[in-house]
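**Q** See query.cif below, with mmCIF, C-alpha atoms.
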data_entry
#
loop_
_atom_site.group_PDB
_atom_site.id
_atom_site.type_symbol
_atom_site.label_atom_id
_atom_site.label_comp_id
_atom_site.auth_asym_id
_atom_site.auth_seq_id
_atom_site.Cartn_x
_atom_site.Cartn_y
_atom_site.Cartn_z
ATOM 1 C CA MET A 1 -4.995 19.250 -27.225
ATOM 2 C CA ALA A 2 -3.382 17.250 -24.407
ATOM 3 C CA VAL A 3 -6.741 16.980 -22.621
ATOM 4 C CA LYS A 4 -8.405 15.700 -25.803
ATOM 5 C CA LEU A 5 -5.702 13.042 -26.185
ATOM 6 C CA LEU A 6 -6.114 12.029 -22.547
ATOM 7 C CA LEU A 7 -9.892 11.777 -22.939
ATOM 8 C CA ALA A 8 -9.578 9.816 -26.172
ATOM 9 C CA GLY A 9 -7.127 7.412 -24.580
ATOM 10 C CA MET A 10 -9.324 6.934 -21.524
ATOM 11 C CA ALA A 11 -12.365 6.365 -23.721
ATOM 12 C CA GLY A 12 -10.455 3.619 -25.510
ATOM 13 C CA VAL A 13 -9.435 2.036 -22.227
ATOM 14 C CA MET A 14 -12.989 2.162 -20.923
ATOM 15 C CA ALA A 15 -14.452 0.769 -24.134
ATOM 16 C CA ALA A 16 -11.929 -2.067 -24.075
ATOM 17 C CA GLY A 17 -13.151 -3.098 -20.625
ATOM 18 C CA TYR A 18 -10.257 -1.932 -18.448
ATOM 19 C CA GLY A 19 -9.671 -4.306 -15.590
ATOM 20 C CA ARG A 20 -10.564 -7.511 -17.421
ATOM 21 C CA MET A 21 -7.795 -10.060 -17.403
ATOM 22 C CA PRO A 22 -6.332 -10.620 -20.860
ATOM 23 C CA VAL A 23 -5.994 -14.186 -22.102
ATOM 24 C CA GLY A 24 -2.670 -15.548 -20.844
ATOM 25 C CA GLY A 25 -2.388 -12.826 -18.138
ATOM 26 C CA SER A 26 -1.930 -13.274 -14.430
ATOM 27 C CA PRO A 27 -4.122 -15.796 -12.611
ATOM 28 C CA PRO A 28 -7.532 -14.610 -11.363
ATOM 29 C CA LEU A 29 -6.841 -15.980 -7.859
ATOM 30 C CA VAL A 30 -3.570 -15.959 -5.901
ATOM 31 C CA THR A 31 -3.485 -17.555 -2.450
ATOM 32 C CA ALA A 32 -0.896 -18.179 0.249
ATOM 33 C CA ASN A 33 -0.746 -18.880 3.949
ATOM 34 C CA SER A 34 1.021 -15.876 5.467
ATOM 35 C CA HIS A 35 2.763 -18.089 8.013
ATOM 36 C CA GLU A 36 4.326 -20.127 5.211
ATOM 37 C CA MET A 37 5.517 -17.233 3.022
ATOM 38 C CA HIS A 38 9.301 -16.834 2.787
ATOM 39 C CA LEU A 39 10.385 -13.373 3.935
ATOM 40 C CA GLU A 40 13.474 -11.804 2.363
ATOM 41 C CA PRO A 41 15.593 -8.994 3.872
ATOM 42 C CA ASP A 42 14.037 -5.568 3.201
ATOM 43 C CA PRO A 43 16.468 -3.127 4.831
ATOM 44 C CA ILE A 44 15.161 0.168 6.149
ATOM 45 C CA ASN A 45 17.011 3.199 4.784
ATOM 46 C CA PRO A 46 19.715 3.868 7.440
ATOM 47 C CA ASP A 47 19.023 7.627 7.201
ATOM 48 C CA TRP A 48 15.461 6.978 8.401
ATOM 49 C CA ILE A 49 16.427 5.059 11.576
ATOM 50 C CA ILE A 50 15.983 7.083 14.762
ATOM 51 C CA ARG A 51 16.788 4.448 17.393
ATOM 52 C CA GLY A 52 17.859 0.813 17.556
ATOM 53 C CA THR A 53 18.714 -1.605 14.762
ATOM 54 C CA PRO A 54 15.380 -2.661 13.275
ATOM 55 C CA VAL A 55 15.546 -5.596 10.873
ATOM 56 C CA ALA A 56 12.756 -5.679 8.291
ATOM 57 C CA ARG A 57 11.763 -8.479 5.925
ATOM 58 C CA MET A 58 9.201 -8.682 3.138
ATOM 59 C CA SER A 59 7.526 -11.106 0.773
ATOM 60 C CA ARG A 60 5.432 -10.001 -2.211
ATOM 61 C CA HIS A 61 2.237 -11.949 -2.441
ATOM 62 C CA SER A 62 0.560 -10.604 -5.571
ATOM 63 C CA GLU A 63 0.516 -7.737 -8.047
ATOM 64 C CA SER A 64 -2.327 -6.247 -10.081
ATOM 65 C CA GLU A 65 -2.343 -6.698 -13.835
ATOM 66 C CA ASP A 66 -1.739 -2.961 -14.365
ATOM 67 C CA LYS A 67 1.153 -2.898 -11.845
ATOM 68 C CA ALA A 68 -0.652 -0.158 -9.895
ATOM 69 C CA GLY A 69 -1.359 -2.295 -6.827
ATOM 70 C CA TRP A 70 0.229 -5.125 -4.898
ATOM 71 C CA THR A 71 0.011 -7.070 -1.660
ATOM 72 C CA ALA A 72 2.905 -7.995 0.611
ATOM 73 C CA LEU A 73 3.744 -9.503 3.959
ATOM 74 C CA TRP A 74 6.230 -7.447 6.039
ATOM 75 C CA ASP A 75 7.732 -7.802 9.482
ATOM 76 C CA CYS A 76 10.207 -5.884 11.588
ATOM 77 C CA THR A 77 12.093 -6.204 14.873
ATOM 78 C CA ALA A 78 12.442 -3.523 17.571
ATOM 79 C CA GLY A 79 13.473 -0.010 16.633
ATOM 80 C CA GLU A 80 12.197 3.428 15.732
ATOM 81 C CA PHE A 81 12.321 4.925 12.260
ATOM 82 C CA ARG A 82 10.639 7.332 9.867
ATOM 83 C CA TRP A 83 8.897 5.718 6.912
ATOM 84 C CA TYR A 84 7.929 7.295 3.605
ATOM 85 C CA PHE A 85 4.724 5.976 2.053
ATOM 86 C CA GLY A 86 5.200 6.577 -1.657
ATOM 87 C CA TRP A 87 1.935 4.747 -2.428
ATOM 88 C CA ASP A 88 -1.399 4.577 -0.597
ATOM 89 C CA GLU A 89 -1.079 1.702 1.863
ATOM 90 C CA THR A 90 -3.588 -0.170 3.967
ATOM 91 C CA VAL A 91 -2.121 -2.481 6.600
ATOM 92 C CA VAL A 92 -3.566 -5.249 8.719
ATOM 93 C CA ILE A 93 -1.457 -6.002 11.781
ATOM 94 C CA GLN A 94 -1.165 -9.767 12.177
ATOM 95 C CA GLU A 95 1.180 -9.976 15.147
ATOM 96 C CA GLY A 96 2.849 -7.643 17.625
ATOM 97 C CA GLU A 97 2.293 -3.915 17.798
ATOM 98 C CA VAL A 98 3.641 -0.583 16.584
ATOM 99 C CA LEU A 99 3.167 2.997 17.775
ATOM 100 C CA VAL A 100 2.654 5.137 14.674
ATOM 101 C CA THR A 101 2.987 8.927 14.642
ATOM 102 C CA ALA A 102 1.631 10.623 11.505
ATOM 103 C CA GLU A 103 2.956 13.874 10.021
ATOM 104 C CA ASP A 104 0.235 15.846 11.823
ATOM 105 C CA GLY A 105 1.271 14.403 15.212
ATOM 106 C CA THR A 106 -1.621 11.927 15.435
ATOM 107 C CA GLN A 107 -0.510 8.800 17.310
ATOM 108 C CA ARG A 108 -2.068 5.354 17.202
ATOM 109 C CA LEU A 109 -0.990 2.090 18.773
ATOM 110 C CA LEU A 110 -1.708 -0.617 16.196
ATOM 111 C CA ARG A 111 -2.083 -4.168 17.509
ATOM 112 C CA ALA A 112 -2.923 -7.548 16.009
ATOM 113 C CA GLY A 113 -6.254 -7.263 14.203
ATOM 114 C CA ASP A 114 -6.037 -3.493 13.651
ATOM 115 C CA ILE A 115 -6.363 -1.988 10.177
ATOM 116 C CA ALA A 116 -4.784 1.345 9.221
ATOM 117 C CA TYR A 117 -4.547 3.435 6.062
ATOM 118 C CA PHE A 118 -1.544 5.610 5.162
ATOM 119 C CA ARG A 119 -2.014 8.156 2.395
ATOM 120 C CA GLY A 120 0.633 8.056 -0.316
ATOM 121 C CA ARG A 121 3.397 10.664 -0.354
ATOM 122 C CA THR A 122 3.396 11.041 3.447
ATOM 123 C CA TRP A 123 5.812 10.270 6.282
ATOM 124 C CA ALA A 124 5.121 8.498 9.573
ATOM 125 C CA THR A 125 7.301 7.486 12.509
ATOM 126 C CA TRP A 126 7.118 3.833 13.530
ATOM 127 C CA ARG A 127 8.171 2.734 17.038
ATOM 128 C CA ILE A 128 8.302 -1.024 17.457
ATOM 129 C CA ASP A 129 9.154 -2.146 20.979
ATOM 130 C CA ASN A 130 9.456 -5.866 20.171
ATOM 131 C CA TYR A 131 8.124 -7.075 16.830
ATOM 132 C CA VAL A 132 5.398 -6.366 14.286
ATOM 133 C CA ARG A 133 4.061 -8.332 11.322
ATOM 134 C CA LYS A 134 1.615 -6.865 8.809
ATOM 135 C CA VAL A 135 -0.122 -7.558 5.537
ATOM 136 C CA ALA A 136 0.165 -4.486 3.317
ATOM 137 C CA PHE A 137 -2.098 -3.557 0.423
ATOM 138 C CA LEU A 138 -0.436 -0.886 -1.729
ATOM 139 C CA ARG A 139 -2.005 1.166 -4.485
ATOM 140 C CA ARG A 140 -0.346 3.758 -6.677
ATOM 141 C CA PRO A 141 -2.269 7.039 -6.339
ATOM 142 C CA MET A 142 -4.101 7.807 -9.580
ATOM 143 C CA PRO A 143 -4.080 11.356 -11.025
ATOM 144 C CA ALA A 144 -7.346 13.132 -10.142
ATOM 145 C CA ALA A 145 -8.424 13.602 -13.775
ATOM 146 C CA ILE A 146 -8.082 9.900 -14.549
ATOM 147 C CA ALA A 147 -9.847 8.917 -11.317
ATOM 148 C CA ALA A 148 -12.732 11.243 -12.253
ATOM 149 C CA LEU A 149 -13.052 9.546 -15.635
ATOM 150 C CA PHE A 150 -13.248 6.127 -13.994
ATOM 151 C CA ARG A 151 -15.916 7.359 -11.557
ATOM 152 C CA LEU A 152 -17.874 8.768 -14.504
ATOM 153 C CA ARG A 153 -17.569 5.473 -16.387
ATOM 154 C CA ASP A 154 -18.706 3.503 -13.343
ATOM 155 C CA ALA A 155 -21.670 5.830 -12.812
ATOM 156 C CA LEU A 156 -22.701 5.503 -16.443
ATOM 157 C CA ARG A 157 -22.480 1.713 -16.215
ATOM 158 C CA SER A 158 -24.577 1.567 -13.025
ATOM 159 C CA GLY A 159 -27.055 4.239 -14.082
ATOM 160 C CA GLY A 160 -26.395 6.188 -10.869
ATOM 161 C CA PRO A 161 -25.080 9.690 -10.265
ATOM 162 C CA ALA A 162 -21.346 10.246 -10.704
ATOM 163 C CA SER A 163 -19.330 11.634 -7.819
ATOM 164 C CA ILE A 164 -16.755 13.322 -10.032
ATOM 165 C CA GLY A 165 -15.223 15.736 -7.562
ATOM 166 C CA GLY A 166 -14.356 13.505 -4.630
#
Translate the structure of the given file into structure tokens.

**A**
Amino acid sequence: MAVKLLLAGMAGVMAAGYGRMPVGGSPPLVTANSHEMHLEPDPINPDWIIRGTPVARMSRHSESEDKAGWTALWDCTAGEFRWYFGWDETVVIQEGEVLVTAEDGTQRLLRAGDIAYFRGRTWATWRIDNYVRKVAFLRRPMPAAIAALFRLRDALRSGGPASIGG
């Protein structure tokens, strides 16, 4: 019964044209110069700090209509800390650099111009020797069943095969 309700609800969402901006909703285009955005304090959880006294700041740039995605500007001074990525996050380093160690031990030095993706619900260690500034694109992970329905809908709309499993 629960699956039927989920499917019925998703069918309604798809038929209604999910993703179209409702009249009076958020603007279709949001712009800002990242060097002119005002950054507010965004303290790192003290329990996560390994070394130093990193000071982080953040400014939200935009948010999706469904509240499942947003874009922000973030910077941080020197220090080392663990960070929990509750959402999927893609970052573009604008300035400085950071040595990132993923849960599996993989290490990468990210510098200005580098792009990295962090899977939601994972931890990483960040070591910043001087300063780092990034643009972050965050997306709430979607349950697999709902994601499969969207892939099916998109395939039906395009006339191509649906990649339901992946």

**Q** Quick one: of A:Glu40, A:Asp88, A:Asp104, A:Glu80, who's nearest to Thr125 (chain A), counting all atoms listed in the file?

**A**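 Result for the nearest residue to Thr125 (chain A): A:Glu80.
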
**Q** Just give me the gap between CA of Ala102 (chain A) and CA of Arg151 (chain A) in Å, one decimal is fine.

**A**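 The value is 29.2 Å.
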
**Q** Under the PyMOL selection byres ((chain A and resi 90) around 12), which residues of this model are included? Write them out as an NGL selection string.

**A** :A and (69-73 or 85 or 87-89 or 91-93 or 114-120 or 134-140)

**Q** In Å, with one decimal, what is the gap from CA of Phe81 (chain A) to CA of Ser59 (chain A)?

**A**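 It comes out at 20.3 Å.
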
**Q** State, in Å with one decimal place, the distance from CA of Ile128 (chain A) to CA of Trp48 (chain A).

**A** 14.0 Å

**Q** Report as a PyMOL selection string all protein, DNA and RNA residues lying within 12 Å of Gly52 (chain A), evaluated on all atoms listed in the file, omitting residues in the same chain fewer than 6 positions from it.

**A** chain A and resi 44+46+76-81+126-130

**Q** Take every atom of region 27-41 of chain A listed in the file, pad by 6 Å on each side, and give me the axis-aligned box centre and edge lengths in Å, one decimal, as AutoDock Vina command-line options.

**A**
--center_x 4.0 --center_y -14.6 --center_z -2.3 --size_x 35.1 --size_y 23.1 --size_z 32.6

**Q** Which is closer to Ile50 (chain A) than all the others in A:His35, A:Trp83, A:Arg111, A:Glu65, using all atoms listed in the file?

**A**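 Of A:His35, A:Trp83, A:Arg111, A:Glu65, the one nearest Ile50 (chain A) is A:Trp83, counting all atoms listed in the file.
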
**Q** Which one is closest to Trp123 (chain A): A:Ala155, A:Leu29, A:Met142, A:Val100? Count all atoms listed in the file.

**A** A:Val100

**Q** Choose the residue, out of A:Ser62, A:Ser34, A:Thr53, A:Ser26, that has the smallest atom-to-atom separation from Trp74 (chain A); count all atoms listed in the file.

**A**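 The answer is A:Ser34, which sits nearest to Trp74 (chain A).
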